[in-house]
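*Asks:* Got my_file_13.cif for you, mmCIF, N, CA and C atoms:
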```cif
data_model
#
loop_
_atom_site.group_PDB
_atom_site.id
_atom_site.type_symbol
_atom_site.label_atom_id
_atom_site.label_comp_id
_atom_site.auth_asym_id
_atom_site.auth_seq_id
_atom_site.Cartn_x
_atom_site.Cartn_y
_atom_site.Cartn_z
ATOM 1 N N MET A 9 0.809 -1.185 0.000
ATOM 2 C CA MET A 9 0.000 0.000 0.000
ATOM 3 C C MET A 9 0.856 1.254 0.000
ATOM 4 N N ALA A 10 2.062 1.157 -0.398
ATOM 5 C CA ALA A 10 2.952 2.313 -0.441
ATOM 6 C C ALA A 10 2.493 3.293 -1.508
ATOM 7 N N ILE A 11 2.498 4.567 -1.145
ATOM 8 C CA ILE A 11 2.130 5.629 -2.080
ATOM 9 C C ILE A 11 3.399 6.393 -2.412
ATOM 10 N N ASP A 12 3.665 6.555 -3.687
ATOM 11 C CA ASP A 12 4.836 7.313 -4.121
ATOM 12 C C ASP A 12 4.445 8.784 -4.155
ATOM 13 N N ILE A 13 4.787 9.502 -3.085
ATOM 14 C CA ILE A 13 4.377 10.903 -2.998
ATOM 15 C C ILE A 13 5.252 11.820 -3.848
ATOM 16 N N THR A 14 6.339 11.302 -4.340
ATOM 17 C CA THR A 14 7.225 12.143 -5.163
ATOM 18 C C THR A 14 6.587 12.504 -6.493
ATOM 19 N N THR A 15 5.565 11.776 -6.894
ATOM 20 C CA THR A 15 4.922 12.048 -8.184
ATOM 21 C C THR A 15 3.671 12.909 -8.043
ATOM 22 N N LEU A 16 3.293 13.251 -6.813
ATOM 23 C CA LEU A 16 2.066 14.013 -6.580
ATOM 24 C C LEU A 16 2.319 15.506 -6.665
ATOM 25 N N ASN A 17 1.316 16.237 -7.196
ATOM 26 C CA ASN A 17 1.438 17.691 -7.238
ATOM 27 C C ASN A 17 0.888 18.270 -5.938
ATOM 28 N N VAL A 18 0.908 19.594 -5.796
ATOM 29 C CA VAL A 18 0.523 20.253 -4.550
ATOM 30 C C VAL A 18 -0.927 19.950 -4.181
ATOM 31 N N SER A 19 -1.848 20.044 -5.123
ATOM 32 C CA SER A 19 -3.256 19.800 -4.789
ATOM 33 C C SER A 19 -3.493 18.348 -4.392
ATOM 34 N N GLU A 20 -2.789 17.427 -5.032
ATOM 35 C CA GLU A 20 -2.918 16.013 -4.657
ATOM 36 C C GLU A 20 -2.333 15.770 -3.264
ATOM 37 N N LEU A 21 -1.234 16.434 -2.954
ATOM 38 C CA LEU A 21 -0.636 16.302 -1.618
ATOM 39 C C LEU A 21 -1.567 16.882 -0.546
ATOM 40 N N GLU A 22 -2.206 18.027 -0.864
ATOM 41 C CA GLU A 22 -3.153 18.627 0.077
ATOM 42 C C GLU A 22 -4.334 17.690 0.320
ATOM 43 N N ALA A 23 -4.852 17.097 -0.735
ATOM 44 C CA ALA A 23 -5.977 16.170 -0.609
ATOM 45 C C ALA A 23 -5.571 14.953 0.220
ATOM 46 N N LEU A 24 -4.377 14.444 -0.028
ATOM 47 C CA LEU A 24 -3.874 13.298 0.727
ATOM 48 C C LEU A 24 -3.692 13.671 2.199
ATOM 49 N N SER A 25 -3.200 14.864 2.433
ATOM 50 C CA SER A 25 -3.000 15.337 3.801
ATOM 51 C C SER A 25 -4.333 15.407 4.546
ATOM 52 N N LYS A 26 -5.373 15.909 3.889
ATOM 53 C CA LYS A 26 -6.693 15.980 4.514
ATOM 54 C C LYS A 26 -7.240 14.588 4.797
ATOM 55 N N GLU A 27 -7.027 13.661 3.866
ATOM 56 C CA GLU A 27 -7.465 12.273 4.079
ATOM 57 C C GLU A 27 -6.749 11.663 5.277
ATOM 58 N N ILE A 28 -5.457 11.956 5.377
ATOM 59 C CA ILE A 28 -4.663 11.424 6.496
ATOM 60 C C ILE A 28 -5.185 11.969 7.820
ATOM 61 N N GLU A 29 -5.439 13.270 7.899
ATOM 62 C CA GLU A 29 -5.946 13.871 9.140
ATOM 63 C C GLU A 29 -7.313 13.300 9.511
ATOM 64 N N THR A 30 -8.179 13.141 8.525
ATOM 65 C CA THR A 30 -9.499 12.560 8.781
ATOM 66 C C THR A 30 -9.361 11.136 9.297
ATOM 67 N N ARG A 31 -8.493 10.368 8.684
ATOM 68 C CA ARG A 31 -8.295 8.973 9.095
ATOM 69 C C ARG A 31 -7.686 8.892 10.492
ATOM 70 N N LYS A 32 -6.773 9.807 10.826
ATOM 71 C CA LYS A 32 -6.172 9.823 12.164
ATOM 72 C C LYS A 32 -7.244 10.035 13.230
ATOM 73 N N ILE A 33 -8.179 10.938 12.956
ATOM 74 C CA ILE A 33 -9.262 11.202 13.901
ATOM 75 C C ILE A 33 -10.139 9.967 14.041
ATOM 76 N N GLN A 34 -10.453 9.323 12.906
ATOM 77 C CA GLN A 34 -11.286 8.112 12.941
ATOM 78 C C GLN A 34 -10.605 7.005 13.743
ATOM 79 N N VAL A 35 -9.308 6.803 13.531
ATOM 80 C CA VAL A 35 -8.569 5.753 14.234
ATOM 81 C C VAL A 35 -8.543 6.035 15.734
ATOM 82 N N ALA A 36 -8.344 7.298 16.111
ATOM 83 C CA ALA A 36 -8.328 7.650 17.534
ATOM 84 C C ALA A 36 -9.690 7.383 18.165
ATOM 85 N N GLU A 37 -10.767 7.745 17.476
ATOM 86 C CA GLU A 37 -12.110 7.508 18.003
ATOM 87 C C GLU A 37 -12.409 6.012 18.110
ATOM 88 N N GLU A 38 -11.983 5.248 17.121
ATOM 89 C CA GLU A 38 -12.169 3.798 17.171
ATOM 90 C C GLU A 38 -11.410 3.199 18.349
ATOM 91 N N ALA A 39 -10.201 3.691 18.604
ATOM 92 C CA ALA A 39 -9.402 3.184 19.724
ATOM 93 C C ALA A 39 -10.097 3.477 21.051
ATOM 94 N N LYS A 40 -10.650 4.685 21.184
ATOM 95 C CA LYS A 40 -11.371 5.032 22.414
ATOM 96 C C LYS A 40 -12.597 4.144 22.595
ATOM 97 N N GLN A 41 -13.324 3.920 21.525
ATOM 98 C CA GLN A 41 -14.525 3.083 21.606
ATOM 99 C C GLN A 41 -14.157 1.645 21.950
ATOM 100 N N ASN A 42 -13.077 1.129 21.339
ATOM 101 C CA ASN A 42 -12.627 -0.229 21.650
ATOM 102 C C ASN A 42 -12.200 -0.342 23.110
ATOM 103 N N ALA A 43 -11.485 0.666 23.611
ATOM 104 C CA ALA A 43 -11.058 0.654 25.009
ATOM 105 C C ALA A 43 -12.264 0.672 25.937
ATOM 106 N N TYR A 44 -13.239 1.505 25.615
ATOM 107 C CA TYR A 44 -14.458 1.588 26.426
ATOM 108 C C TYR A 44 -15.189 0.246 26.439
ATOM 109 N N ASN A 45 -15.315 -0.381 25.271
ATOM 110 C CA ASN A 45 -15.986 -1.680 25.189
ATOM 111 C C ASN A 45 -15.252 -2.734 26.005
ATOM 112 N N GLU A 46 -13.911 -2.701 25.971
ATOM 113 C CA GLU A 46 -13.135 -3.657 26.765
ATOM 114 C C GLU A 46 -13.341 -3.411 28.257
ATOM 115 N N MET A 47 -13.398 -2.135 28.649
ATOM 116 C CA MET A 47 -13.614 -1.813 30.059
ATOM 117 C C MET A 47 -14.996 -2.270 30.523
ATOM 118 N N LEU A 48 -15.995 -2.093 29.677
ATOM 119 C CA LEU A 48 -17.332 -2.576 30.008
ATOM 120 C C LEU A 48 -17.326 -4.090 30.207
ATOM 121 N N ALA A 49 -16.623 -4.793 29.323
ATOM 122 C CA ALA A 49 -16.562 -6.253 29.407
ATOM 123 C C ALA A 49 -15.851 -6.696 30.689
ATOM 124 N N ILE A 50 -14.788 -6.017 31.049
ATOM 125 C CA ILE A 50 -14.057 -6.373 32.274
ATOM 126 C C ILE A 50 -14.929 -6.125 33.499
ATOM 127 N N ALA A 51 -15.616 -4.985 33.526
ATOM 128 C CA ALA A 51 -16.506 -4.697 34.661
ATOM 129 C C ALA A 51 -17.601 -5.747 34.752
ATOM 130 N N ALA A 52 -18.195 -6.103 33.610
ATOM 131 C CA ALA A 52 -19.256 -7.117 33.600
ATOM 132 C C ALA A 52 -18.723 -8.466 34.077
ATOM 133 N N LYS A 53 -17.502 -8.789 33.698
ATOM 134 C CA LYS A 53 -16.879 -10.052 34.114
ATOM 135 C C LYS A 53 -16.778 -10.131 35.637
ATOM 136 N N HIS A 54 -16.577 -8.982 36.267
ATOM 137 C CA HIS A 54 -16.442 -8.935 37.725
ATOM 138 C C HIS A 54 -17.760 -8.641 38.424
ATOM 139 N N GLY A 55 -18.819 -8.532 37.652
ATOM 140 C CA GLY A 55 -20.144 -8.363 38.231
ATOM 141 C C GLY A 55 -20.466 -6.957 38.719
ATOM 142 N N VAL A 56 -19.789 -5.967 38.174
ATOM 143 C CA VAL A 56 -20.070 -4.580 38.546
ATOM 144 C C VAL A 56 -20.281 -3.762 37.278
ATOM 145 N N SER A 57 -20.907 -2.623 37.443
ATOM 146 C CA SER A 57 -21.065 -1.757 36.276
ATOM 147 C C SER A 57 -19.831 -0.876 36.145
ATOM 148 N N PHE A 58 -19.558 -0.491 34.932
ATOM 149 C CA PHE A 58 -18.402 0.375 34.670
ATOM 150 C C PHE A 58 -18.579 1.699 35.404
ATOM 151 N N GLU A 59 -19.809 2.203 35.474
ATOM 152 C CA GLU A 59 -20.084 3.466 36.161
ATOM 153 C C GLU A 59 -19.731 3.382 37.642
ATOM 154 N N GLU A 60 -19.975 2.200 38.258
ATOM 155 C CA GLU A 60 -19.614 2.017 39.666
ATOM 156 C C GLU A 60 -18.104 2.102 39.853
ATOM 157 N N VAL A 61 -17.376 1.517 38.920
ATOM 158 C CA VAL A 61 -15.919 1.549 39.002
ATOM 159 C C VAL A 61 -15.421 2.986 38.856
ATOM 160 N N VAL A 62 -15.979 3.711 37.909
ATOM 161 C CA VAL A 62 -15.576 5.100 37.701
ATOM 162 C C VAL A 62 -15.919 5.933 38.927
ATOM 163 N N ALA A 63 -17.111 5.737 39.486
ATOM 164 C CA ALA A 63 -17.525 6.487 40.670
ATOM 165 C C ALA A 63 -16.617 6.187 41.855
ATOM 166 N N LEU A 64 -16.167 4.949 41.960
ATOM 167 C CA LEU A 64 -15.288 4.557 43.049
ATOM 168 C C LEU A 64 -13.975 5.324 42.999
ATOM 169 N N HIS A 65 -13.496 5.583 41.809
ATOM 170 C CA HIS A 65 -12.191 6.223 41.649
ATOM 171 C C HIS A 65 -12.268 7.696 41.287
ATOM 172 N N SER A 66 -13.439 8.246 41.167
ATOM 173 C CA SER A 66 -13.542 9.654 40.784
ATOM 174 C C SER A 66 -13.144 10.579 41.924
ATOM 175 N N GLY A 67 -13.151 10.095 43.136
ATOM 176 C CA GLY A 67 -12.773 10.922 44.278
ATOM 177 C C GLY A 67 -11.290 10.921 44.561
ATOM 178 N N LYS A 68 -10.518 10.180 43.769
ATOM 179 C CA LYS A 68 -9.082 10.102 44.001
ATOM 180 C C LYS A 68 -8.411 11.387 43.548
ATOM 181 N N GLY A 69 -7.205 11.575 44.012
ATOM 182 C CA GLY A 69 -6.438 12.743 43.605
ATOM 183 C C GLY A 69 -6.629 13.883 44.584
ATOM 184 N N ARG A 70 -6.285 15.050 44.170
ATOM 185 C CA ARG A 70 -6.361 16.210 45.028
ATOM 186 C C ARG A 70 -7.812 16.565 45.321
ATOM 187 N N ARG A 71 -8.099 16.759 46.544
ATOM 188 C CA ARG A 71 -9.450 17.106 46.970
ATOM 189 C C ARG A 71 -9.508 18.606 47.201
ATOM 190 N N SER A 72 -9.911 19.315 46.201
ATOM 191 C CA SER A 72 -9.975 20.763 46.326
ATOM 192 C C SER A 72 -11.105 21.159 47.254
ATOM 193 N N GLY A 73 -10.872 22.212 47.992
ATOM 194 C CA GLY A 73 -11.908 22.727 48.869
ATOM 195 C C GLY A 73 -11.880 22.155 50.268
ATOM 196 N N LEU A 74 -11.200 21.059 50.502
ATOM 197 C CA LEU A 74 -11.134 20.484 51.839
ATOM 198 C C LEU A 74 -9.913 21.027 52.564
ATOM 199 N N LYS A 75 -10.142 21.621 53.728
ATOM 200 C CA LYS A 75 -9.041 22.159 54.506
ATOM 201 C C LYS A 75 -8.618 21.146 55.560
ATOM 202 N N ALA A 76 -7.353 21.167 55.867
ATOM 203 C CA ALA A 76 -6.850 20.306 56.930
ATOM 204 C C ALA A 76 -7.305 20.888 58.274
ATOM 205 N N ALA A 77 -7.480 20.031 59.236
ATOM 206 C CA ALA A 77 -7.903 20.472 60.573
ATOM 207 C C ALA A 77 -6.809 21.314 61.205
ATOM 208 N N ALA A 78 -7.222 22.316 61.941
ATOM 209 C CA ALA A 78 -6.272 23.201 62.622
ATOM 210 C C ALA A 78 -5.586 22.449 63.751
ATOM 211 N N LYS A 79 -4.281 22.641 63.879
ATOM 212 C CA LYS A 79 -3.508 22.017 64.959
ATOM 213 C C LYS A 79 -2.966 23.053 65.932
ATOM 214 N N TYR A 80 -2.836 24.292 65.439
ATOM 215 C CA TYR A 80 -2.226 25.342 66.250
ATOM 216 C C TYR A 80 -3.120 26.576 66.234
ATOM 217 N N ALA A 81 -3.117 27.303 67.356
ATOM 218 C CA ALA A 81 -3.904 28.534 67.442
ATOM 219 C C ALA A 81 -3.026 29.647 67.992
ATOM 220 N N ASN A 82 -3.283 30.852 67.535
ATOM 221 C CA ASN A 82 -2.565 32.033 67.999
ATOM 222 C C ASN A 82 -2.970 32.292 69.446
ATOM 223 N N PRO A 83 -2.021 32.326 70.377
ATOM 224 C CA PRO A 83 -2.375 32.549 71.778
ATOM 225 C C PRO A 83 -3.015 33.924 72.017
ATOM 226 N N ASN A 84 -2.697 34.899 71.176
ATOM 227 C CA ASN A 84 -3.247 36.247 71.334
ATOM 228 C C ASN A 84 -4.596 36.408 70.632
ATOM 229 N N ASP A 85 -4.892 35.542 69.653
ATOM 230 C CA ASP A 85 -6.152 35.597 68.909
ATOM 231 C C ASP A 85 -6.516 34.183 68.478
ATOM 232 N N PRO A 86 -7.248 33.451 69.316
ATOM 233 C CA PRO A 86 -7.559 32.042 69.029
ATOM 234 C C PRO A 86 -8.326 31.803 67.723
ATOM 235 N N SER A 87 -8.857 32.861 67.117
ATOM 236 C CA SER A 87 -9.545 32.673 65.838
ATOM 237 C C SER A 87 -8.547 32.442 64.702
ATOM 238 N N GLN A 88 -7.281 32.786 64.929
ATOM 239 C CA GLN A 88 -6.243 32.538 63.931
ATOM 240 C C GLN A 88 -5.644 31.157 64.195
ATOM 241 N N THR A 89 -5.799 30.275 63.215
ATOM 242 C CA THR A 89 -5.303 28.908 63.367
ATOM 243 C C THR A 89 -4.416 28.542 62.200
ATOM 244 N N TRP A 90 -3.708 27.443 62.374
ATOM 245 C CA TRP A 90 -2.819 26.924 61.340
ATOM 246 C C TRP A 90 -2.842 25.406 61.429
ATOM 247 N N SER A 91 -2.887 24.744 60.279
ATOM 248 C CA SER A 91 -2.962 23.282 60.246
ATOM 249 C C SER A 91 -1.602 22.617 60.418
ATOM 250 N N GLY A 92 -0.550 23.384 60.281
ATOM 251 C CA GLY A 92 0.790 22.798 60.327
ATOM 252 C C GLY A 92 1.299 22.486 58.934
ATOM 253 N N ARG A 93 0.491 22.768 57.930
ATOM 254 C CA ARG A 93 0.873 22.540 56.539
ATOM 255 C C ARG A 93 1.145 23.877 55.869
ATOM 256 N N GLY A 94 2.036 23.859 54.931
ATOM 257 C CA GLY A 94 2.332 25.090 54.191
ATOM 258 C C GLY A 94 3.205 26.029 55.000
ATOM 259 N N ARG A 95 3.265 27.264 54.550
ATOM 260 C CA ARG A 95 4.092 28.263 55.226
ATOM 261 C C ARG A 95 3.529 28.596 56.591
ATOM 262 N N LYS A 96 4.434 28.860 57.503
ATOM 263 C CA LYS A 96 4.009 29.255 58.840
ATOM 264 C C LYS A 96 3.472 30.685 58.776
ATOM 265 N N PRO A 97 2.341 30.930 59.422
ATOM 266 C CA PRO A 97 1.826 32.304 59.484
ATOM 267 C C PRO A 97 2.752 33.174 60.331
ATOM 268 N N GLY A 98 2.614 34.456 60.159
ATOM 269 C CA GLY A 98 3.451 35.403 60.906
ATOM 270 C C GLY A 98 3.341 35.221 62.403
ATOM 271 N N TRP A 99 2.137 34.968 62.901
ATOM 272 C CA TRP A 99 1.965 34.817 64.341
ATOM 273 C C TRP A 99 2.702 33.608 64.887
ATOM 274 N N VAL A 100 2.890 32.566 64.066
ATOM 275 C CA VAL A 100 3.666 31.397 64.494
ATOM 276 C C VAL A 100 5.127 31.792 64.625
ATOM 277 N N HIS A 101 5.649 32.513 63.637
ATOM 278 C CA HIS A 101 7.036 32.984 63.701
ATOM 279 C C HIS A 101 7.241 33.860 64.938
ATOM 280 N N GLU A 102 6.283 34.757 65.203
ATOM 281 C CA GLU A 102 6.387 35.643 66.365
ATOM 282 C C GLU A 102 6.394 34.839 67.665
ATOM 283 N N ALA A 103 5.531 33.830 67.746
ATOM 284 C CA ALA A 103 5.470 33.007 68.958
ATOM 285 C C ALA A 103 6.773 32.238 69.155
ATOM 286 N N LEU A 104 7.328 31.715 68.064
ATOM 287 C CA LEU A 104 8.589 30.975 68.168
ATOM 288 C C LEU A 104 9.733 31.897 68.565
ATOM 289 N N GLU A 105 9.742 33.114 68.027
ATOM 290 C CA GLU A 105 10.786 34.086 68.392
ATOM 291 C C GLU A 105 10.645 34.538 69.838
ATOM 292 N N ALA A 106 9.423 34.502 70.357
ATOM 293 C CA ALA A 106 9.174 34.893 71.746
ATOM 294 C C ALA A 106 9.528 33.773 72.726
ATOM 295 N N GLY A 107 10.048 32.657 72.201
ATOM 296 C CA GLY A 107 10.492 31.585 73.073
ATOM 297 C C GLY A 107 9.494 30.449 73.237
ATOM 298 N N LYS A 108 8.357 30.541 72.595
ATOM 299 C CA LYS A 108 7.377 29.460 72.689
ATOM 300 C C LYS A 108 7.752 28.358 71.702
ATOM 301 N N SER A 109 7.252 27.167 71.960
ATOM 302 C CA SER A 109 7.456 26.055 71.026
ATOM 303 C C SER A 109 6.121 25.759 70.349
ATOM 304 N N LEU A 110 6.172 24.932 69.314
ATOM 305 C CA LEU A 110 4.934 24.530 68.647
ATOM 306 C C LEU A 110 4.010 23.805 69.622
ATOM 307 N N LYS A 111 4.591 23.069 70.570
ATOM 308 C CA LYS A 111 3.792 22.380 71.588
ATOM 309 C C LYS A 111 2.978 23.385 72.420
ATOM 310 N N ASP A 112 3.550 24.559 72.648
ATOM 311 C CA ASP A 112 2.873 25.554 73.464
ATOM 312 C C ASP A 112 1.640 26.134 72.770
ATOM 313 N N ILE A 113 1.635 26.124 71.448
ATOM 314 C CA ILE A 113 0.503 26.741 70.736
ATOM 315 C C ILE A 113 -0.427 25.699 70.113
ATOM 316 N N GLU A 114 -0.221 24.431 70.439
ATOM 317 C CA GLU A 114 -1.106 23.381 69.928
ATOM 318 C C GLU A 114 -2.509 23.575 70.496
ATOM 319 N N ILE A 115 -3.483 23.184 69.692
ATOM 320 C CA ILE A 115 -4.878 23.270 70.149
ATOM 321 C C ILE A 115 -5.178 22.070 71.020
#
```
Translate this file's structure into structure tokens.

*Replies:*
Amino acid sequence: MAIDITTLNVSELEALSKEIETRKIQVAEEAKQNAYNEMLAIAAKHGVSFEEVVALHSGKGRRSGLKAAAKYANPNDPSQTWSGRGRKPGWVHEALEAGKSLKDIEI
């Protein structure tokens, strides 16, 4: 099925290029559909629906919006807290410089 492109003119090359791009899209879509069908078959083999499997794993990864529980509180303003993750707030630095330890400001 080799095509000798050295004999093609510009318009023939353009037409061939468009055919190639169209075929690439079709092949990619067919691959996705085949993968999906295989996943459905595997889920069915194990007696579960594919949607259940996806739902089980959709919560994985970074959980945006969930904050870690506070572990430390500012002794001068208990409404200011810190989870111990990320950069230390200024009040933590001030407390440490004043001679307190992290144990002293734990909640």

*Asks:* Please return as a ChimeraX atom specification: the residues of range 23-112 of chain A that backbone DSSP assigns to alpha helix (DSSP H).

*Replies:* /A:23-53,58-65,98-105

*Asks:* I'd like the neighbourhood of Gly92 in chain A as a ChimeraX atom specification, where a residue qualifies if any of its atoms comes within 7 Å (using only N, CA and C atoms), though same-chain residues fewer than 6 positions away should be ignored.

*Replies:* /A:77-80

*Asks:* Find the distance between atom N of Ser91 in chain A and atom C of Leu64 in chain A and write it in Å to one decimal.

*Replies:*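 Computing the Euclidean distance for atom N of Ser91 in chain A and atom C of Leu64 in chain A yields 28.3 Å.
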
*Asks:* Quote the spacing between atom C of Thr15 in chain A and atom N of Glu27 in chain A in Å to one decimal place.

*Replies:*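 Rounded to one decimal, the two atoms are 16.0 Å apart.
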
*Asks:* Hey, what comes out of the PyMOL selection byres ((chain A and resi 114) around 5) on this file? Could you write it as a list of chain:residue names?

*Replies:*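 When the PyMOL selection byres ((chain A and resi 114) around 5) is applied, the selected residues are A:Lys79, A:Tyr80, A:Ala81, A:Leu110, A:Lys111, A:Asp112, A:Ile113, A:Ile115.
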
*Asks:* Please, what distance in Å, to one decimal, runs between CA of Glu46 in chain A and CA of Glu29 in chain A?

*Replies:*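 Calculated distance between CA of Glu46 in chain A and CA of Glu29 in chain A is 25.9 Å.
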
*Asks:* So for range 33-37 of chain A, what box centre and size do we get, axis-aligned, 6 Å extra on each of the six sides, every listed atom, Å to one decimal, as AutoDock Vina command-line options?

*Replies:*
```
--center_x -10.3 --center_y 8.5 --center_z 15.5 --size_x 16.2 --size_y 17.4 --size_z 17.3
```

*Asks:* Which of chain A end up as strand (DSSP E or B) when DSSP is run on this backbone - answer as a VMD selection string?

*Replies:* chain A and resid 80 to 81 89 to 90 114

*Asks:* Pick out the residues sitting within 8 Å of range 96-100 of chain A, and hand them over as a PyMOL selection string; count all atoms listed in the file, and ignore anything fewer than 6 positions along from it in its own chain.

*Replies:* chain A and resi 81-83+89-90+106

*Asks:* Restricting the calculation to only C-alpha atoms, which member of A:His101, A:Phe58, A:Ile33, A:Ile11 is positioned closest to Asn45 in chain A?

*Replies:*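 Of the candidates, the smallest distance to Asn45 in chain A is held by A:Phe58.
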